[in-house]
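Next comes start-v7.pdb, a file with PDB, C-alpha atoms and all ligand atoms.
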ATOM      1  CA  MET I  37     -60.948 -58.538 -22.549  1.00  0.00           C
ATOM      2  CA  ASP I  38     -60.910 -54.875 -23.608  1.00  0.00           C
ATOM      3  CA  GLU I  39     -59.050 -53.394 -26.560  1.00  0.00           C
ATOM      4  CA  ALA I  40     -56.070 -52.181 -24.541  1.00  0.00           C
ATOM      5  CA  GLY I  41     -55.755 -55.659 -23.003  1.00  0.00           C
ATOM      6  CA  ILE I  42     -55.658 -57.247 -26.442  1.00  0.00           C
ATOM      7  CA  PHE I  43     -52.969 -54.837 -27.589  1.00  0.00           C
ATOM      8  CA  ASP I  44     -50.931 -55.357 -24.413  1.00  0.00           C
ATOM      9  CA  GLU I  45     -50.968 -59.084 -25.038  1.00  0.00           C
ATOM     10  CA  MET I  46     -50.247 -59.017 -28.760  1.00  0.00           C
ATOM     11  CA  GLY I  47     -48.251 -55.881 -29.368  1.00  0.00           C
ATOM     12  CA  GLU I  48     -47.516 -54.631 -32.843  1.00  0.00           C
ATOM     13  CA  GLU I  49     -45.538 -57.802 -33.567  1.00  0.00           C
ATOM     14  CA  GLY I  50     -48.483 -60.022 -32.611  1.00  0.00           C
ATOM     15  CA  PHE I  51     -50.745 -58.184 -35.047  1.00  0.00           C
ATOM     16  CA  ARG I  52     -48.099 -58.506 -37.733  1.00  0.00           C
ATOM     17  CA  ARG I  53     -47.976 -62.272 -37.252  1.00  0.00           C
ATOM     18  CA  LEU I  54     -51.775 -62.496 -37.239  1.00  0.00           C
ATOM     19  CA  VAL I  55     -52.087 -60.553 -40.491  1.00  0.00           C
ATOM     20  CA  ALA I  56     -49.340 -62.663 -42.105  1.00  0.00           C
ATOM     21  CA  ALA I  57     -51.105 -65.895 -41.054  1.00  0.00           C
ATOM     22  CA  PHE I  58     -54.396 -64.537 -42.434  1.00  0.00           C
ATOM     23  CA  TYR I  59     -52.989 -63.444 -45.808  1.00  0.00           C
ATOM     24  CA  ARG I  60     -51.174 -66.741 -46.245  1.00  0.00           C
ATOM     25  CA  ARG I  61     -54.643 -68.312 -46.237  1.00  0.00           C
ATOM     26  CA  ILE I  62     -56.236 -65.611 -48.419  1.00  0.00           C
ATOM     27  CA  SER I  63     -53.756 -66.150 -51.257  1.00  0.00           C
ATOM     28  CA  GLY I  64     -54.822 -69.751 -51.784  1.00  0.00           C
ATOM     29  CA  ASP I  65     -58.534 -69.284 -51.160  1.00  0.00           C
ATOM     30  CA  GLU I  66     -60.684 -69.831 -54.239  1.00  0.00           C
ATOM     31  CA  LEU I  67     -63.528 -67.564 -53.051  1.00  0.00           C
ATOM     32  CA  LEU I  68     -61.657 -64.627 -51.502  1.00  0.00           C
ATOM     33  CA  GLY I  69     -58.208 -64.894 -53.075  1.00  0.00           C
ATOM     34  CA  PRO I  70     -59.259 -63.430 -56.451  1.00  0.00           C
ATOM     35  CA  MET I  71     -60.647 -60.268 -54.769  1.00  0.00           C
ATOM     36  CA  TYR I  72     -57.255 -59.198 -53.451  1.00  0.00           C
ATOM     37  CA  PRO I  73     -54.669 -57.400 -55.604  1.00  0.00           C
ATOM     38  CA  PRO I  74     -52.199 -60.128 -56.693  1.00  0.00           C
ATOM     39  CA  ASP I  75     -49.385 -57.660 -57.247  1.00  0.00           C
ATOM     40  CA  ASP I  76     -49.928 -55.766 -54.003  1.00  0.00           C
ATOM     41  CA  LEU I  77     -50.512 -58.352 -51.288  1.00  0.00           C
ATOM     42  CA  GLU I  78     -47.715 -56.778 -49.265  1.00  0.00           C
ATOM     43  CA  GLY I  79     -49.541 -53.450 -49.462  1.00  0.00           C
ATOM     44  CA  ALA I  80     -52.839 -55.091 -48.466  1.00  0.00           C
ATOM     45  CA  LYS I  81     -51.112 -56.734 -45.496  1.00  0.00           C
ATOM     46  CA  GLU I  82     -49.707 -53.415 -44.396  1.00  0.00           C
ATOM     47  CA  ARG I  83     -53.125 -51.732 -44.641  1.00  0.00           C
ATOM     48  CA  LEU I  84     -54.818 -54.340 -42.438  1.00  0.00           C
ATOM     49  CA  HIS I  85     -51.879 -54.341 -40.042  1.00  0.00           C
ATOM     50  CA  LEU I  86     -51.904 -50.565 -39.596  1.00  0.00           C
ATOM     51  CA  PHE I  87     -55.683 -50.565 -39.270  1.00  0.00           C
ATOM     52  CA  LEU I  88     -55.533 -53.093 -36.420  1.00  0.00           C
ATOM     53  CA  CYS I  89     -52.713 -51.178 -34.691  1.00  0.00           C
ATOM     54  CA  PHE I  90     -54.856 -48.045 -34.993  1.00  0.00           C
ATOM     55  CA  ARG I  91     -58.041 -49.721 -33.799  1.00  0.00           C
ATOM     56  CA  PHE I  92     -56.506 -51.524 -30.827  1.00  0.00           C
ATOM     57  CA  GLY I  93     -53.414 -49.530 -29.976  1.00  0.00           C
ATOM     58  CA  GLY I  94     -54.414 -46.008 -30.931  1.00  0.00           C
ATOM     59  CA  ASP I  95     -51.459 -45.732 -33.323  1.00  0.00           C
ATOM     60  CA  SER I  96     -52.187 -43.092 -36.007  1.00  0.00           C
ATOM     61  CA  ARG I  97     -50.168 -44.440 -38.961  1.00  0.00           C
ATOM     62  CA  TYR I  98     -53.284 -45.887 -40.608  1.00  0.00           C
ATOM     63  CA  LEU I  99     -55.002 -42.467 -40.502  1.00  0.00           C
ATOM     64  CA  GLU I 100     -51.898 -40.737 -41.798  1.00  0.00           C
ATOM     65  CA  THR I 101     -51.526 -43.034 -44.789  1.00  0.00           C
ATOM     66  CA  ARG I 102     -55.154 -43.955 -45.570  1.00  0.00           C
ATOM     67  CA  GLY I 103     -57.341 -41.305 -43.919  1.00  0.00           C
ATOM     68  CA  HIS I 104     -60.532 -42.159 -42.041  1.00  0.00           C
ATOM     69  CA  PRO I 105     -61.143 -45.938 -42.310  1.00  0.00           C
ATOM     70  CA  ARG I 106     -64.692 -45.783 -43.799  1.00  0.00           C
ATOM     71  CA  LEU I 107     -64.421 -49.542 -44.067  1.00  0.00           C
ATOM     72  CA  ARG I 108     -67.906 -50.199 -45.362  1.00  0.00           C
ATOM     73  CA  MET I 109     -67.407 -47.743 -48.196  1.00  0.00           C
ATOM     74  CA  ARG I 110     -63.984 -49.189 -49.009  1.00  0.00           C
ATOM     75  CA  HIS I 111     -65.488 -52.680 -49.282  1.00  0.00           C
ATOM     76  CA  LEU I 112     -68.290 -51.679 -51.670  1.00  0.00           C
ATOM     77  CA  PRO I 113     -66.267 -52.636 -54.792  1.00  0.00           C
ATOM     78  CA  PHE I 114     -66.243 -56.244 -53.557  1.00  0.00           C
ATOM     79  CA  ARG I 115     -69.224 -58.555 -53.540  1.00  0.00           C
ATOM     80  CA  ILE I 116     -69.596 -59.503 -49.888  1.00  0.00           C
ATOM     81  CA  GLY I 117     -72.483 -61.780 -49.004  1.00  0.00           C
ATOM     82  CA  ILE I 118     -72.900 -64.399 -46.323  1.00  0.00           C
ATOM     83  CA  ALA I 119     -70.494 -66.855 -47.973  1.00  0.00           C
ATOM     84  CA  GLU I 120     -67.719 -64.253 -48.260  1.00  0.00           C
ATOM     85  CA  ARG I 121     -68.283 -63.033 -44.698  1.00  0.00           C
ATOM     86  CA  ASP I 122     -68.178 -66.549 -43.325  1.00  0.00           C
ATOM     87  CA  ARG I 123     -65.070 -67.486 -45.312  1.00  0.00           C
ATOM     88  CA  TRP I 124     -63.244 -64.347 -44.144  1.00  0.00           C
ATOM     89  CA  LEU I 125     -64.114 -65.193 -40.537  1.00  0.00           C
ATOM     90  CA  LEU I 126     -63.086 -68.820 -40.987  1.00  0.00           C
ATOM     91  CA  LEU I 127     -59.652 -67.864 -42.335  1.00  0.00           C
ATOM     92  CA  MET I 128     -59.160 -65.216 -39.659  1.00  0.00           C
ATOM     93  CA  GLY I 129     -60.254 -67.711 -37.002  1.00  0.00           C
ATOM     94  CA  GLU I 130     -57.605 -70.146 -38.234  1.00  0.00           C
ATOM     95  CA  ALA I 131     -55.014 -67.352 -38.163  1.00  0.00           C
ATOM     96  CA  VAL I 132     -55.977 -66.460 -34.564  1.00  0.00           C
ATOM     97  CA  GLU I 133     -55.650 -70.132 -33.654  1.00  0.00           C
ATOM     98  CA  GLU I 134     -52.239 -70.413 -35.320  1.00  0.00           C
ATOM     99  CA  CYS I 135     -50.972 -67.415 -33.364  1.00  0.00           C
ATOM    100  CA  GLY I 136     -51.814 -69.024 -30.043  1.00  0.00           C
ATOM    101  CA  LEU I 137     -53.525 -66.060 -28.363  1.00  0.00           C
ATOM    102  CA  SER I 138     -54.969 -66.449 -24.902  1.00  0.00           C
ATOM    103  CA  PRO I 139     -58.602 -67.658 -24.960  1.00  0.00           C
ATOM    104  CA  GLU I 140     -59.740 -64.235 -23.674  1.00  0.00           C
ATOM    105  CA  ALA I 141     -57.939 -62.296 -26.399  1.00  0.00           C
ATOM    106  CA  GLY I 142     -59.042 -64.807 -29.047  1.00  0.00           C
ATOM    107  CA  ARG I 143     -62.679 -64.490 -27.995  1.00  0.00           C
ATOM    108  CA  SER I 144     -62.669 -60.678 -27.885  1.00  0.00           C
ATOM    109  CA  LEU I 145     -60.886 -60.366 -31.192  1.00  0.00           C
ATOM    110  CA  GLY I 146     -63.251 -62.951 -32.710  1.00  0.00           C
ATOM    111  CA  ALA I 147     -66.293 -60.970 -31.547  1.00  0.00           C
ATOM    112  CA  PHE I 148     -64.836 -57.773 -33.020  1.00  0.00           C
ATOM    113  CA  PHE I 149     -64.096 -59.418 -36.385  1.00  0.00           C
ATOM    114  CA  ALA I 150     -67.546 -61.040 -36.506  1.00  0.00           C
ATOM    115  CA  GLN I 151     -69.275 -57.706 -35.963  1.00  0.00           C
ATOM    116  CA  VAL I 152     -67.219 -55.807 -38.539  1.00  0.00           C
ATOM    117  CA  ALA I 153     -67.417 -58.624 -41.105  1.00  0.00           C
ATOM    118  CA  ASP I 154     -71.197 -58.681 -40.875  1.00  0.00           C
ATOM    119  CA  PHE I 155     -71.284 -54.905 -41.313  1.00  0.00           C
ATOM    120  CA  MET I 156     -69.258 -55.276 -44.551  1.00  0.00           C
ATOM    121  CA  ARG I 157     -71.989 -57.309 -46.240  1.00  0.00           C
ATOM    122  CA  ASN I 158     -73.328 -55.485 -49.272  1.00  0.00           C
ATOM    123  CA  GLN I 159     -75.491 -58.185 -50.884  1.00  0.00           C
ATOM    124  CA  GLU I 160     -79.153 -58.702 -50.066  1.00  0.00           C
ATOM    125  CA  GLU I 161     -79.708 -62.385 -49.323  1.00  0.00           C
ATOM    126  CA  ALA I 162     -82.318 -64.423 -47.603  1.00  0.00           C
ATOM    127  CA  THR I 163     -80.753 -65.573 -44.356  1.00  0.00           C
ATOM    128  CA  GLY I 164     -82.909 -68.687 -44.216  1.00  0.00           C
TER     129      GLY I 164
HETATM  130  C1  LIG I 201     -66.437 -59.735 -44.684  1.00  0.00           C
HETATM  131  C2  LIG I 201     -65.526 -60.183 -45.547  1.00  0.00           C
HETATM  132  C3  LIG I 201     -64.414 -59.311 -46.067  1.00  0.00           C
HETATM  133  C4  LIG I 201     -63.928 -59.321 -47.339  1.00  0.00           C
HETATM  134  C5  LIG I 201     -64.398 -60.223 -48.466  1.00  0.00           C
HETATM  135  C6  LIG I 201     -62.888 -58.318 -47.411  1.00  0.00           C
HETATM  136  C7  LIG I 201     -62.158 -58.021 -48.554  1.00  0.00           C
HETATM  137  C8  LIG I 201     -61.249 -57.012 -48.656  1.00  0.00           C
HETATM  138  C9  LIG I 201     -60.512 -56.701 -49.851  1.00  0.00           C
HETATM  139  C10 LIG I 201     -60.617 -57.478 -51.157  1.00  0.00           C
HETATM  140  C11 LIG I 201     -59.729 -55.643 -49.575  1.00  0.00           C
HETATM  141  C12 LIG I 201     -58.752 -54.937 -50.528  1.00  0.00           C
HETATM  142  C13 LIG I 201     -57.347 -55.338 -50.156  1.00  0.00           C
HETATM  143  C14 LIG I 201     -56.399 -54.162 -50.186  1.00  0.00           C
HETATM  144  O1  LIG I 201     -55.901 -53.854 -51.259  1.00  0.00           O
HETATM  145  O2  LIG I 201     -56.167 -53.546 -49.114  1.00  0.00           O
HETATM  146  C15 LIG I 201     -59.971 -55.273 -48.196  1.00  0.00           C
HETATM  147  C16 LIG I 201     -59.359 -54.225 -47.566  1.00  0.00           C
HETATM  148  C17 LIG I 201     -59.450 -54.003 -46.221  1.00  0.00           C
HETATM  149  N1  LIG I 201     -60.195 -54.708 -45.325  1.00  0.00           N
HETATM  150 FE1  LIG I 201     -61.475 -56.178 -45.768  1.00  0.00          FE
HETATM  151  N2  LIG I 201     -62.739 -57.721 -46.188  1.00  0.00           N
HETATM  152  C18 LIG I 201     -63.648 -58.291 -45.323  1.00  0.00           C
HETATM  153  C19 LIG I 201     -63.787 -58.006 -43.990  1.00  0.00           C
HETATM  154  C20 LIG I 201     -62.987 -57.153 -43.290  1.00  0.00           C
HETATM  155  C21 LIG I 201     -63.003 -56.994 -41.852  1.00  0.00           C
HETATM  156  C22 LIG I 201     -63.889 -57.784 -40.898  1.00  0.00           C
HETATM  157  C23 LIG I 201     -62.077 -56.046 -41.544  1.00  0.00           C
HETATM  158  C24 LIG I 201     -61.643 -55.467 -40.241  1.00  0.00           C
HETATM  159  C25 LIG I 201     -61.785 -56.009 -39.088  1.00  0.00           C
HETATM  160  C26 LIG I 201     -61.473 -55.605 -42.792  1.00  0.00           C
HETATM  161  C27 LIG I 201     -60.499 -54.645 -42.897  1.00  0.00           C
HETATM  162  C28 LIG I 201     -59.957 -54.208 -44.069  1.00  0.00           C
HETATM  163  C29 LIG I 201     -59.018 -53.098 -44.163  1.00  0.00           C
HETATM  164  C30 LIG I 201     -58.487 -52.250 -43.009  1.00  0.00           C
HETATM  165  C31 LIG I 201     -58.709 -52.951 -45.508  1.00  0.00           C
HETATM  166  C32 LIG I 201     -57.813 -51.888 -46.136  1.00  0.00           C
HETATM  167  C33 LIG I 201     -58.645 -50.620 -46.352  1.00  0.00           C
HETATM  168  C34 LIG I 201     -57.843 -49.519 -47.028  1.00  0.00           C
HETATM  169  O3  LIG I 201     -57.175 -48.758 -46.312  1.00  0.00           O
HETATM  170  O4  LIG I 201     -57.922 -49.439 -48.251  1.00  0.00           O
HETATM  171  N3  LIG I 201     -62.053 -56.308 -43.830  1.00  0.00           N
HETATM  172  N4  LIG I 201     -60.888 -56.127 -47.666  1.00  0.00           N
END
Rewrite the structure from the file as structure tokens, please.
Amino acid sequence: MDEAGIFDEMGEEGFRRLVAAFYRRISGDELLGPMYPPDDLEGAKERLHLFLCFRFGGDSRYLETRGHPRLRMRHLPFRIGIAERDRWLLLMGEAVEECGLSPEAGRSLGAFFAQVADFMRNQEEATG
């Protein structure tokens, strides 16, 4: 399924629910939870939400409030290795599941997240 198809299915509200389901898991996660700003989880939610609306729906609010995404650069302050990547994808996968997307949308979104999450890694590790 292409990006427009995903946005048609989910709409802005669908992305909002997905981000909420994801952050509910982040807060209690012992590996990733401590990386996120405890007093600004609402702000973090909004940033991811607007990014996804921008990326899939072409909405420009993310650009207007945050500028060019430069996601890899913005993730450099956080230690992201294989364990962090895999945990992020696990929690997002659970959130996708909870939101009951169609299998096509779930698969396409999953492939997108997997690619970006791997690109965010900033720790050299043997991959075994
Ligand atoms: C690979 C594991 C990842 C970790 C550990 C991680 C961690 C974080 C943390 C701690 C923040 C700061 C929260 C905030 O205050 O906004 C953040 C921001 C953000 N992350 Fe990630 N992230 C990961 C992967 C991803 C992926 C795959 C995406 C997109 C598909 C993504 C998109 C974003 C966005 C859009 C922001 C806000 C950027 C901004 O405007 O400042 N992250 N991430």
Got a sec to resolve the PyMOL selection byres (((chain I and resi 98) around 10) and not hetatm) on this structure and send the residues as a list in words?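 Selected by the PyMOL selection byres (((chain I and resi 98) around 10) and not hetatm) in this file: Glu82, Arg83, Leu84, His85, Leu86, Phe87, Leu88, Cys89, Phe90, Arg91, Gly94, Asp95, Ser96, Arg97, Leu99, Glu100, Thr101, Arg102, Gly103, His104 and Pro105 of chain I.
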Return as a Markdown table the residues of chain I lying at most 9 Å from ligand LIG 201 (chain I), together with the closest atom-to-atom pair for each and the distance in Å to one decimal, counting all atoms listed in the file, with rows in chain order and ascending residue number.
| residue | atom | partner | partner_atom | distance |
| --- | --- | --- | --- | --- |
| I:Leu67 | CA | I:LIG201 | C5 | 8.7 |
| I:Leu68 | CA | I:LIG201 | C5 | 6.0 |
| I:Gly69 | CA | I:LIG201 | C10 | 8.0 |
| I:Pro70 | CA | I:LIG201 | C10 | 8.1 |
| I:Met71 | CA | I:LIG201 | C10 | 4.6 |
| I:Tyr72 | CA | I:LIG201 | C10 | 4.4 |
| I:Pro73 | CA | I:LIG201 | O1 | 5.7 |
| I:Asp76 | CA | I:LIG201 | O1 | 6.8 |
| I:Leu77 | CA | I:LIG201 | O1 | 7.0 |
| I:Glu78 | CA | I:LIG201 | O1 | 8.9 |
| I:Gly79 | CA | I:LIG201 | O1 | 6.6 |
| I:Ala80 | CA | I:LIG201 | O2 | 3.7 |
| I:Lys81 | CA | I:LIG201 | O2 | 7.0 |
| I:Glu82 | CA | I:LIG201 | O2 | 8.0 |
| I:Arg83 | CA | I:LIG201 | C32 | 4.9 |
| I:Leu84 | CA | I:LIG201 | C30 | 4.3 |
| I:His85 | CA | I:LIG201 | C30 | 7.5 |
| I:Leu86 | CA | I:LIG201 | C30 | 7.6 |
| I:Phe87 | CA | I:LIG201 | C30 | 5.0 |
| I:Leu88 | CA | I:LIG201 | C30 | 7.3 |
| I:Tyr98 | CA | I:LIG201 | O3 | 7.5 |
| I:Leu99 | CA | I:LIG201 | O3 | 8.8 |
| I:Thr101 | CA | I:LIG201 | O3 | 8.2 |
| I:Arg102 | CA | I:LIG201 | O3 | 5.3 |
| I:Gly103 | CA | I:LIG201 | O3 | 7.8 |
| I:His104 | CA | I:LIG201 | O3 | 8.5 |
| I:Pro105 | CA | I:LIG201 | O3 | 6.3 |
| I:Arg106 | CA | I:LIG201 | C33 | 8.2 |
| I:Leu107 | CA | I:LIG201 | C33 | 6.3 |
| I:Arg108 | CA | I:LIG201 | N3 | 8.6 |
| I:Arg110 | CA | I:LIG201 | O4 | 6.1 |
| I:His111 | CA | I:LIG201 | N4 | 6.0 |
| I:Pro113 | CA | I:LIG201 | C10 | 8.3 |
| I:Phe114 | CA | I:LIG201 | C10 | 6.2 |
| I:Arg115 | CA | I:LIG201 | C5 | 7.2 |
| I:Ile116 | CA | I:LIG201 | C5 | 5.4 |
| I:Gly117 | CA | I:LIG201 | C1 | 7.7 |
| I:Ile118 | CA | I:LIG201 | C1 | 8.1 |
| I:Ala119 | CA | I:LIG201 | C2 | 8.7 |
| I:Glu120 | CA | I:LIG201 | C5 | 5.2 |
| I:Arg121 | CA | I:LIG201 | C1 | 3.8 |
| I:Asp122 | CA | I:LIG201 | C1 | 7.2 |
| I:Arg123 | CA | I:LIG201 | C2 | 7.3 |
| I:Trp124 | CA | I:LIG201 | C2 | 5.0 |
| I:Leu125 | CA | I:LIG201 | C2 | 7.2 |
| I:Met128 | CA | I:LIG201 | C22 | 8.9 |
| I:Phe148 | CA | I:LIG201 | C25 | 7.0 |
| I:Phe149 | CA | I:LIG201 | C22 | 4.8 |
| I:Ala150 | CA | I:LIG201 | C22 | 6.6 |
| I:Gln151 | CA | I:LIG201 | C22 | 7.3 |
| I:Val152 | CA | I:LIG201 | C22 | 4.5 |
| I:Ala153 | CA | I:LIG201 | C22 | 3.6 |
| I:Asp154 | CA | I:LIG201 | C1 | 6.2 |
| I:Phe155 | CA | I:LIG201 | C1 | 7.6 |
| I:Met156 | CA | I:LIG201 | C1 | 5.3 |
| I:Arg157 | CA | I:LIG201 | C1 | 6.3 |
At a cut-off of 12 Å, using only C-alpha atoms, what residues contact stretch 129-131 of chain I? Leave out same-chain residues fewer than 3 positions from it and give the result as a ChimeraX atom specification. /I:50-62,122-126,134-137,142-150
Pull C-alpha atoms from the residues just selected and write them as a short mmCIF file (atom, residue, chain, number, x, y, z; two decimals), in the frame of the given file.
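Heads up, here's the output in part.cif:
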data_model
loop_
_atom_site.label_atom_id
_atom_site.label_comp_id
_atom_site.auth_asym_id
_atom_site.auth_seq_id
_atom_site.Cartn_x
_atom_site.Cartn_y
_atom_site.Cartn_z
CA GLY I 50 -48.48 -60.02 -32.61
CA PHE I 51 -50.74 -58.18 -35.05
CA ARG I 52 -48.10 -58.51 -37.73
CA ARG I 53 -47.98 -62.27 -37.25
CA LEU I 54 -51.78 -62.50 -37.24
CA VAL I 55 -52.09 -60.55 -40.49
CA ALA I 56 -49.34 -62.66 -42.10
CA ALA I 57 -51.10 -65.90 -41.05
CA PHE I 58 -54.40 -64.54 -42.43
CA TYR I 59 -52.99 -63.44 -45.81
CA ARG I 60 -51.17 -66.74 -46.24
CA ARG I 61 -54.64 -68.31 -46.24
CA ILE I 62 -56.24 -65.61 -48.42
CA ASP I 122 -68.18 -66.55 -43.32
CA ARG I 123 -65.07 -67.49 -45.31
CA TRP I 124 -63.24 -64.35 -44.14
CA LEU I 125 -64.11 -65.19 -40.54
CA LEU I 126 -63.09 -68.82 -40.99
CA GLU I 134 -52.24 -70.41 -35.32
CA CYS I 135 -50.97 -67.42 -33.36
CA GLY I 136 -51.81 -69.02 -30.04
CA LEU I 137 -53.52 -66.06 -28.36
CA GLY I 142 -59.04 -64.81 -29.05
CA ARG I 143 -62.68 -64.49 -28.00
CA SER I 144 -62.67 -60.68 -27.88
CA LEU I 145 -60.89 -60.37 -31.19
CA GLY I 146 -63.25 -62.95 -32.71
CA ALA I 147 -66.29 -60.97 -31.55
CA PHE I 148 -64.84 -57.77 -33.02
CA PHE I 149 -64.10 -59.42 -36.38
CA ALA I 150 -67.55 -61.04 -36.51
#
Using all atoms listed in the file for the distances, tell me which of I:Glu161, I:Ala141, I:Asp65, I:Pro74 is nearest to I:Met46.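 With all atoms listed in the file as the atom set, the closest residue is I:Ala141.
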Quick one: distance from atom CA of I:Met37 to atom CA of I:Leu127 in Å, one decimal? 21.9 Å
Between atom CA of I:Pro139 and atom CA of I:Glu39, what is the spacing in Å?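 One can read the atom CA of I:Glu39 to atom CA of I:Pro139 distance as 14.4 Å.
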Quick one: distance from atom CA of I:Ser138 to atom CA of I:Gly64 in Å, one decimal? 27.1 Å
